[in-house]
Every structure is written in C-alpha cells, then in structure tokens.
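Q: I am sharing start-v1.txt, which consists of compact mmCIF, C-alpha atoms and all ligand atoms:
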# COMPACT_ATOMS: atom_id res chain seq x y z
CA MET A 1 195.72 -61.31 -110.33
CA GLY A 2 197.86 -58.17 -110.60
CA THR A 3 197.87 -55.08 -112.70
CA SER A 4 200.31 -54.15 -115.43
CA HIS A 5 200.63 -50.56 -114.19
CA PRO A 6 204.28 -50.25 -112.96
CA THR A 7 203.58 -47.66 -110.25
CA VAL A 8 200.74 -49.68 -108.81
CA ASP A 9 202.82 -52.89 -108.93
CA ALA A 10 205.57 -51.16 -106.92
CA ALA A 11 203.06 -49.87 -104.36
CA ALA A 12 201.44 -53.30 -104.03
CA ALA A 13 204.84 -54.98 -103.57
CA ALA A 14 205.71 -52.47 -100.84
CA VAL A 15 202.57 -53.12 -98.83
CA GLU A 16 202.79 -56.88 -99.34
CA ASN A 17 206.14 -56.80 -97.52
CA SER A 18 204.65 -54.98 -94.52
CA PRO A 19 202.85 -57.38 -92.17
CA HIS A 20 201.83 -54.75 -89.53
CA LEU A 21 199.05 -52.66 -90.95
CA PRO A 22 197.78 -49.40 -89.39
CA PRO A 23 194.03 -48.85 -88.89
CA PRO A 24 192.20 -47.10 -91.76
CA PRO A 25 191.36 -43.37 -91.43
CA PHE A 26 187.95 -42.26 -90.16
CA ARG A 27 187.73 -39.26 -92.51
CA ILE A 28 188.01 -39.88 -96.26
CA ARG A 29 187.22 -37.76 -99.30
CA ARG A 30 184.31 -39.25 -101.30
CA PRO A 31 184.69 -42.88 -100.18
CA ALA A 32 183.16 -45.83 -102.05
CA LEU A 33 183.00 -48.94 -99.88
CA PHE A 34 183.28 -52.53 -101.12
CA LEU A 35 182.65 -54.90 -98.24
CA ASP A 36 183.28 -58.61 -98.01
CA LEU A 37 180.71 -60.52 -95.95
CA ASP A 38 182.05 -63.61 -94.13
CA GLY A 39 184.86 -62.72 -91.72
CA VAL A 40 184.31 -58.98 -92.27
CA LEU A 41 180.64 -58.13 -91.67
CA ALA A 42 179.84 -61.48 -90.02
CA PRO A 43 182.00 -63.71 -87.81
CA LEU A 44 182.95 -67.06 -89.33
CA ALA A 45 180.68 -69.95 -88.34
CA GLU A 46 180.83 -73.74 -88.61
CA THR A 47 178.54 -73.84 -91.67
CA PRO A 48 177.40 -71.27 -94.27
CA GLU A 49 173.75 -71.51 -93.05
CA ALA A 50 174.77 -70.76 -89.45
CA VAL A 51 175.41 -67.11 -90.38
CA VAL A 52 172.21 -65.15 -89.72
CA PRO A 53 171.08 -61.51 -89.86
CA HIS A 54 172.18 -59.17 -87.06
CA PRO A 55 170.43 -55.86 -86.30
CA ARG A 56 173.70 -53.92 -85.74
CA ARG A 57 175.12 -55.08 -89.10
CA THR A 58 171.92 -54.26 -90.99
CA ALA A 59 171.61 -50.83 -89.37
CA ALA A 60 175.30 -50.00 -90.00
CA LEU A 61 175.01 -50.94 -93.69
CA LYS A 62 171.82 -48.92 -94.22
CA ALA A 63 173.27 -45.91 -92.41
CA VAL A 64 176.58 -45.86 -94.28
CA ALA A 65 174.87 -46.31 -97.67
CA ASP A 66 172.62 -43.38 -96.81
CA ARG A 67 175.58 -41.24 -95.65
CA PHE A 68 177.60 -41.91 -98.81
CA ASP A 69 174.76 -41.55 -101.34
CA GLY A 70 174.66 -45.29 -102.16
CA ARG A 71 178.41 -45.74 -102.66
CA VAL A 72 178.47 -49.01 -100.70
CA ALA A 73 178.40 -52.55 -102.09
CA ILE A 74 178.80 -56.01 -100.58
CA VAL A 75 181.27 -57.99 -102.70
CA SER A 76 180.99 -61.61 -101.63
CA GLY A 77 181.79 -65.17 -102.59
CA ARG A 78 178.22 -66.05 -101.59
CA THR A 79 175.27 -65.88 -103.96
CA LEU A 80 173.25 -62.65 -104.07
CA ALA A 81 170.37 -64.56 -102.45
CA GLU A 82 172.63 -65.43 -99.52
CA VAL A 83 173.98 -61.88 -99.31
CA ASP A 84 170.41 -60.58 -99.12
CA ARG A 85 169.38 -63.19 -96.54
CA ILE A 86 172.24 -62.31 -94.19
CA SER A 87 172.19 -58.53 -94.76
CA GLU A 88 168.37 -58.32 -94.79
CA SER A 89 168.65 -56.68 -98.25
CA ALA A 90 170.27 -53.61 -96.67
CA LEU A 91 172.06 -52.65 -99.91
CA THR A 92 171.01 -52.50 -103.55
CA SER A 93 174.54 -52.68 -104.96
CA ALA A 94 175.99 -56.14 -104.42
CA SER A 95 178.13 -58.72 -106.12
CA GLY A 96 177.89 -62.47 -105.53
CA VAL A 97 180.02 -65.53 -106.28
CA HIS A 98 183.25 -63.61 -106.83
CA GLY A 99 181.78 -61.22 -109.40
CA LEU A 100 179.80 -63.83 -111.36
CA GLU A 101 176.59 -62.21 -110.12
CA ARG A 102 176.18 -58.43 -109.85
CA ARG A 103 173.27 -56.21 -108.89
CA ARG A 104 173.74 -52.67 -110.13
CA PRO A 105 172.76 -49.51 -108.23
CA ASP A 106 169.50 -49.40 -110.27
CA GLY A 107 168.60 -52.91 -109.06
CA SER A 108 169.16 -54.70 -112.37
CA ILE A 109 171.02 -58.00 -112.08
CA HIS A 110 173.65 -59.57 -114.33
CA ARG A 111 174.46 -63.26 -113.89
CA ALA A 112 177.20 -65.11 -115.79
CA GLU A 113 176.19 -68.24 -117.68
CA PRO A 114 177.29 -71.25 -115.62
CA ALA A 115 180.16 -73.19 -117.21
CA GLU A 116 179.18 -76.79 -118.04
CA GLY A 117 181.90 -78.08 -115.73
CA VAL A 118 180.11 -76.80 -112.61
CA ARG A 119 177.64 -79.74 -112.75
CA VAL A 120 180.57 -82.16 -113.07
CA ALA A 121 182.27 -80.52 -110.09
CA VAL A 122 179.12 -80.60 -107.94
CA GLU A 123 178.67 -84.34 -108.61
CA ALA A 124 182.31 -85.13 -107.87
CA PHE A 125 182.21 -83.00 -104.69
CA GLU A 126 179.01 -84.75 -103.56
CA ALA A 127 180.62 -88.16 -104.07
CA PHE A 128 183.61 -86.98 -101.99
CA ALA A 129 181.34 -85.57 -99.25
CA ALA A 130 179.43 -88.85 -99.07
CA ARG A 131 182.70 -90.57 -98.13
CA VAL A 132 184.05 -87.95 -95.70
CA PRO A 133 181.85 -87.00 -92.71
CA GLY A 134 181.80 -83.26 -91.98
CA VAL A 135 182.52 -82.18 -95.55
CA ILE A 136 179.80 -79.94 -97.06
CA VAL A 137 179.06 -79.20 -100.72
CA GLU A 138 177.76 -75.74 -101.68
CA ASP A 139 176.11 -75.54 -105.12
CA LYS A 140 176.08 -71.89 -106.26
CA ALA A 141 175.03 -72.63 -109.88
CA VAL A 142 178.01 -70.79 -111.36
CA SER A 143 180.44 -72.27 -108.85
CA ALA A 144 180.82 -75.33 -106.63
CA GLY A 145 182.27 -75.19 -103.13
CA LEU A 146 183.70 -78.00 -101.02
CA HIS A 147 183.78 -76.98 -97.33
CA PHE A 148 186.04 -78.80 -94.87
CA ARG A 149 185.83 -76.55 -91.73
CA GLN A 150 184.34 -79.50 -89.82
CA ALA A 151 186.76 -82.01 -91.36
CA PRO A 152 190.15 -80.24 -91.46
CA HIS A 153 191.97 -83.53 -92.10
CA ALA A 154 190.24 -83.60 -95.53
CA ALA A 155 191.82 -80.32 -96.71
CA ALA A 156 194.63 -81.87 -98.75
CA ALA A 157 192.42 -84.48 -100.43
CA ALA A 158 189.72 -81.90 -101.18
CA THR A 159 192.28 -79.56 -102.74
CA ALA A 160 193.82 -82.38 -104.80
CA LEU A 161 190.37 -83.36 -106.09
CA ALA A 162 189.59 -79.75 -107.00
CA ARG A 163 192.92 -79.42 -108.81
CA CYS A 164 192.17 -82.48 -110.99
CA LEU A 165 188.64 -81.25 -111.71
CA ALA A 166 189.94 -77.79 -112.66
CA THR A 167 192.24 -79.38 -115.22
CA ASP A 168 189.44 -81.57 -116.62
CA THR A 169 186.70 -78.91 -116.75
CA GLY A 170 188.47 -75.57 -117.27
CA LEU A 171 186.87 -74.20 -114.08
CA VAL A 172 188.95 -71.79 -111.99
CA MET A 173 190.15 -72.96 -108.59
CA GLN A 174 189.48 -70.47 -105.80
CA PRO A 175 190.84 -71.38 -102.36
CA GLY A 176 189.07 -69.77 -99.39
CA ASN A 177 188.69 -70.10 -95.65
CA ALA A 178 188.36 -73.88 -95.04
CA VAL A 179 186.80 -74.19 -98.50
CA ILE A 180 187.96 -74.90 -102.03
CA GLU A 181 185.83 -73.64 -104.91
CA LEU A 182 185.65 -74.32 -108.62
CA LYS A 183 184.10 -71.37 -110.39
CA THR A 184 183.03 -70.36 -113.87
CA PRO A 185 185.93 -68.37 -115.38
CA GLY A 186 185.77 -64.66 -116.14
CA THR A 187 185.44 -62.61 -112.96
CA ASP A 188 186.85 -62.03 -109.49
CA LYS A 189 186.26 -59.47 -106.75
CA GLY A 190 188.64 -57.08 -108.52
CA THR A 191 186.63 -57.09 -111.74
CA ALA A 192 183.43 -56.66 -109.70
CA LEU A 193 184.86 -53.58 -107.92
CA THR A 194 186.20 -52.12 -111.18
CA THR A 195 182.84 -52.58 -112.92
CA PHE A 196 180.97 -50.85 -110.08
CA MET A 197 183.47 -47.98 -110.29
CA GLU A 198 182.60 -47.39 -113.96
CA GLU A 199 179.14 -46.04 -113.20
CA PRO A 200 177.34 -43.64 -110.82
CA PRO A 201 177.24 -43.27 -107.89
CA PHE A 202 180.65 -44.97 -107.59
CA ALA A 203 182.48 -43.32 -110.54
CA GLY A 204 185.13 -40.82 -109.46
CA ALA A 205 185.07 -41.89 -105.80
CA CYS A 206 187.89 -43.38 -103.70
CA PRO A 207 187.40 -47.18 -103.70
CA ILE A 208 188.02 -48.99 -100.41
CA MET A 209 187.91 -52.79 -100.35
CA VAL A 210 187.49 -54.36 -96.91
CA GLY A 211 188.18 -58.09 -96.82
CA ASP A 212 189.79 -60.97 -94.97
CA ASP A 213 190.16 -63.78 -97.45
CA LEU A 214 192.45 -64.66 -100.37
CA THR A 215 189.64 -63.75 -102.79
CA ASP A 216 189.70 -60.22 -101.39
CA GLU A 217 193.28 -59.66 -102.58
CA TYR A 218 191.83 -59.13 -106.10
CA GLY A 219 189.67 -56.36 -104.64
CA PHE A 220 192.59 -54.81 -102.71
CA ARG A 221 194.64 -54.58 -105.91
CA ALA A 222 191.74 -53.21 -107.95
CA ALA A 223 191.10 -50.52 -105.30
CA GLU A 224 194.80 -49.55 -105.33
CA ALA A 225 194.80 -49.37 -109.13
CA LEU A 226 191.90 -46.89 -108.98
CA GLY A 227 193.52 -44.63 -106.39
CA GLY A 228 191.99 -46.21 -103.29
CA PHE A 229 193.16 -48.88 -100.88
CA GLY A 230 192.44 -52.19 -99.17
CA VAL A 231 191.70 -52.93 -95.51
CA LEU A 232 192.68 -56.41 -94.32
CA VAL A 233 190.50 -57.80 -91.52
CA GLY A 234 192.02 -60.34 -89.15
CA PRO A 235 195.55 -61.56 -88.52
CA ALA A 236 198.44 -60.00 -90.45
CA ARG A 237 199.64 -61.85 -93.52
CA GLN A 238 201.14 -61.01 -96.90
CA THR A 239 198.60 -58.73 -98.52
CA ALA A 240 198.05 -55.91 -100.96
CA ALA A 241 195.97 -54.06 -98.33
CA ARG A 242 197.42 -50.85 -96.83
CA PHE A 243 195.40 -50.85 -93.62
CA GLY A 244 194.17 -53.45 -91.15
CA LEU A 245 191.39 -54.06 -88.63
CA PRO A 246 191.38 -56.93 -86.10
CA GLY A 247 187.85 -58.28 -86.59
CA VAL A 248 184.15 -57.87 -87.32
CA ASP A 249 183.38 -55.65 -84.29
CA GLU A 250 186.11 -53.21 -85.30
CA VAL A 251 184.79 -53.16 -88.90
CA LEU A 252 181.32 -52.23 -87.62
CA ASP A 253 182.82 -49.59 -85.28
CA TRP A 254 184.72 -48.11 -88.24
CA LEU A 255 181.66 -48.12 -90.52
CA GLU A 256 179.60 -46.40 -87.84
CA ARG A 257 182.20 -43.63 -87.37
CA LEU A 258 183.42 -43.19 -90.96
CA GLU A 259 182.87 -39.67 -92.32
CA GLU A 260 183.18 -38.09 -95.74
CA THR A 261 185.42 -35.03 -95.99
CA ALA A 262 184.98 -32.21 -98.48
O1 LIG B 301 183.51 -63.48 -99.89
P1 LIG B 301 182.81 -63.79 -98.60
O2 LIG B 301 181.58 -62.98 -98.38
O3 LIG B 301 183.75 -63.74 -97.42
O4 LIG B 301 182.35 -65.30 -98.76
C1 LIG B 301 183.34 -66.33 -98.76
C2 LIG B 301 182.67 -67.66 -98.57
O5 LIG B 301 181.84 -67.52 -97.40
C3 LIG B 301 181.12 -68.67 -96.99
O6 LIG B 301 182.01 -69.64 -96.50
C4 LIG B 301 182.81 -69.16 -95.43
O7 LIG B 301 181.97 -68.79 -94.33
C5 LIG B 301 181.25 -69.87 -93.69
C6 LIG B 301 180.41 -69.26 -92.58
O8 LIG B 301 181.22 -68.52 -91.71
C7 LIG B 301 182.25 -70.89 -93.15
O9 LIG B 301 181.55 -71.99 -92.55
C8 LIG B 301 183.14 -71.38 -94.29
O10 LIG B 301 184.16 -72.24 -93.75
C9 LIG B 301 183.82 -70.22 -94.99
O11 LIG B 301 184.56 -70.65 -96.13
C10 LIG B 301 180.28 -69.19 -98.14
O12 LIG B 301 179.71 -70.40 -97.78
C11 LIG B 301 181.07 -69.32 -99.44
O13 LIG B 301 180.17 -69.60 -100.51
C12 LIG B 301 181.79 -68.02 -99.75
O14 LIG B 301 182.57 -68.15 -100.93
Starting from the coordinates I provided, produce the structure as structure tokens.
A:
Amino acid sequence: MGTSHPTVDAAAAAVENSPHLPPPPFRIRRPALFLDLDGVLAPLAETPEAVVPHPRRTAALKAVADRFDGRVAIVSGRTLAEVDRISESALTSASGVHGLERRRPDGSIHRAEPAEGVRVAVEAFEAFAARVPGVIVEDKAVSAGLHFRQAPHAAAAATALARCLATDTGLVMQPGNAVIELKTPGTDKGTALTTFMEEPPFAGACPIMVGDDLTDEYGFRAAEALGGFGVLVGPARQTAARFGLPGVDEVLDWLERLEETA
C-alpha cells in the first residue's frame, strides 16, 4: 500500500501521526477530484440498496465536473452500475470495485477478468449468511462482499471466514465499513487514481482524493505521490490524508464552493 519514494513516505508518516486535520482549501490550482461514494457523497445506510439518488448530490457533481473541465471522477468500492444508479450518471469518469472497473473520460470501460475464486467466495459467503440473520452477501462479479452492519456480532466470524478463503483462493482481503470483501487481485483506489492521472483531462492536474474508508487510504497515498493530497471524511483516525471534513453535508458544501485558481 505505500510508495517507495522516500520524500513521499516521510510526508505520509508525518500526516499519519496527526489526528486533527484542518479543512481543505476552497481555492486550488488546477484541481482533479477523486471522490469516494459511501460515507463521502452519500450518508451510510443499513443496506447498500438503501442508498438512493439525491438532487443536491447530482447537481453538485455535474456542476463541479463542468467547472473543472471534466477533472472529476467517482472512485468507489461499488460497481459502476451502482455508482451510476446512485449518482444518476452525473459523471463519465468513474472507477468501480476498487479499481477493477474503470470508465475513462471518453466513456470506454475496462473491466478486470474475475478471478475464479470469486465464485467460491460468493458460495461460502452465502452459506454463512444463511446461518446468520442480518448478514448480506454482495456479488460484484470481480469481488464478493460480506456485510454485517445489521449483525455486528458476526464481524469476527465473517473476517475469519474471509481470511481462510483468501488463503485458499488467492483473492485479496479488503476490510471496509461493516463489510469484509474478497476481491480479484491487481488494483486498488490508488492504482485507479494514478491511471486516471495518466491521461487528459486529468494529466498535470493536482489530484485530490476525498474518502472515509480504509480503501481510500490507497487513494490518499497515490494523490500525495502525484503532488496532491487526501481529504479524510468523518472522525479523525490514523490516515495519510492531510485535510479533513466532518461529513457528507460538509463535502457537498466544499464541492459547491471549490474554485480553481490561475
Ligand atoms: O468506496 P465506497 O464508494 O465508499 O464504497 C464502499 C462500499 O460501499 C457499500 O457498502 C457500504 O455502504 C452501505 C450503504 O451505506 C453500508 O450498508 C455498508 O455497511 C457499507 O460497507 C457497498 O455496498 C460496497 O460494495 C462498497 O465496497
């Protein structure tokens, strides 16, 4: 998860030791925004399906993409189909399932081949969910998620099961917010951000990753490595982000006021 660049490592270590993060600036030179979805653009809900479109979110995304000449992407753990459902297809550039799906600025889509182990994981997760009320399985084709928000007592058993399956299948374990995922190896939110930054309109801009979850730390580090920064949403914790915002409303306020400087 880190970078081998010594200067960036030192900077990341410094911010990780600082739990109180200042708010991000409102005026930035040539910003490129990489926005997480759940917990950042949408408040967390009891189930993935309970998150629905909201006119303020959709309008803010369309406006900021217009203002910054398309340099805005959602970078989510959800599938692209789910990103589009919740954001009402406000953005062309988007990455789903931790970088395993990516829609480029020209609208073309790249999807990783699902690892064989994902089917094994989905079956094992479904067998677990059948025994534990409140546990939900999310099949994302290239990744399998086991949600325990409504069954918090199942967290340890769910994580232990995922750990065994990761060893057996070679899938990568990705812990999240009341969820444990097993994903096809090869990408994370950092690789997604870095790949977007290789081509127009993102190339040469200042990358800003806004996220709340452990998966977003990859994006924070990638943004730092490319001369930008991370913004952690929610309670303070150890993080590679330089700035912080308390919640979804404040993220939308910031997006609505953010300006590009010359
Ligand atoms: O990277 P994100 O856009 O933040 O997506 C992360 C995961 O989000 C969804 O699960 C989370 O949000 C649900 C709705 O608020 C919540 O019920 C669940 O407990 C959270 O883990 C989504 O279902 C996952 O696929 C994403 O990986």
Q: Residues at most 6 Å from ligand LIG 301 (chain B), using all atoms listed in the file? Could they come as an mmCIF file with C-alpha atoms, in the coordinates of the input?
A:
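Final output, saved to part31.cif:
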data_model
loop_
_atom_site.group_PDB
_atom_site.id
_atom_site.type_symbol
_atom_site.label_atom_id
_atom_site.label_comp_id
_atom_site.auth_asym_id
_atom_site.auth_seq_id
_atom_site.Cartn_x
_atom_site.Cartn_y
_atom_site.Cartn_z
ATOM 1 C CA ASP A 36 183.280 -58.610 -98.010
ATOM 2 C CA LEU A 37 180.710 -60.520 -95.950
ATOM 3 C CA ASP A 38 182.050 -63.610 -94.130
ATOM 4 C CA GLY A 39 184.860 -62.720 -91.720
ATOM 5 C CA LEU A 44 182.950 -67.060 -89.330
ATOM 6 C CA ALA A 45 180.680 -69.950 -88.340
ATOM 7 C CA GLU A 46 180.830 -73.740 -88.610
ATOM 8 C CA THR A 47 178.540 -73.840 -91.670
ATOM 9 C CA PRO A 48 177.400 -71.270 -94.270
ATOM 10 C CA VAL A 51 175.410 -67.110 -90.380
ATOM 11 C CA SER A 76 180.990 -61.610 -101.630
ATOM 12 C CA GLY A 77 181.790 -65.170 -102.590
ATOM 13 C CA ARG A 78 178.220 -66.050 -101.590
ATOM 14 C CA HIS A 147 183.780 -76.980 -97.330
ATOM 15 C CA ARG A 149 185.830 -76.550 -91.730
ATOM 16 C CA GLY A 176 189.070 -69.770 -99.390
ATOM 17 C CA ASN A 177 188.690 -70.100 -95.650
ATOM 18 C CA ALA A 178 188.360 -73.880 -95.040
ATOM 19 C CA VAL A 179 186.800 -74.190 -98.500
#
Q: Considering all atoms listed in the file, state which residue in the set A:Glu217, A:Glu88, A:Glu113, A:Asp106 is at the smallest distance from Arg56 of chain A.
A: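 Nearest candidate to Arg56 of chain A out of A:Glu217, A:Glu88, A:Glu113, A:Asp106: A:Glu88.
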Q: Please measure the separation of atom CA of Ala81 of chain A and atom CA of Arg103 of chain A, giving the value in Å to one decimal.
A: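 Value for the atom CA of Ala81 of chain A-atom CA of Arg103 of chain A distance: 10.9 Å.
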Q: Using only C-alpha atoms, find the one residue out of A:Ser87, A:Gln174, A:Thr239, A:Ser108 that sits nearest to Gly145 of chain A.
A: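 Between A:Ser87, A:Gln174, A:Thr239, A:Ser108, the residue approaching Gly145 of chain A most closely is A:Gln174.
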Q: Have a look at atom CA of Pro200 of chain A and atom CA of Ala240 of chain A and let me know their distance in Å, one decimal.
A: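 It comes out at 26.0 Å.
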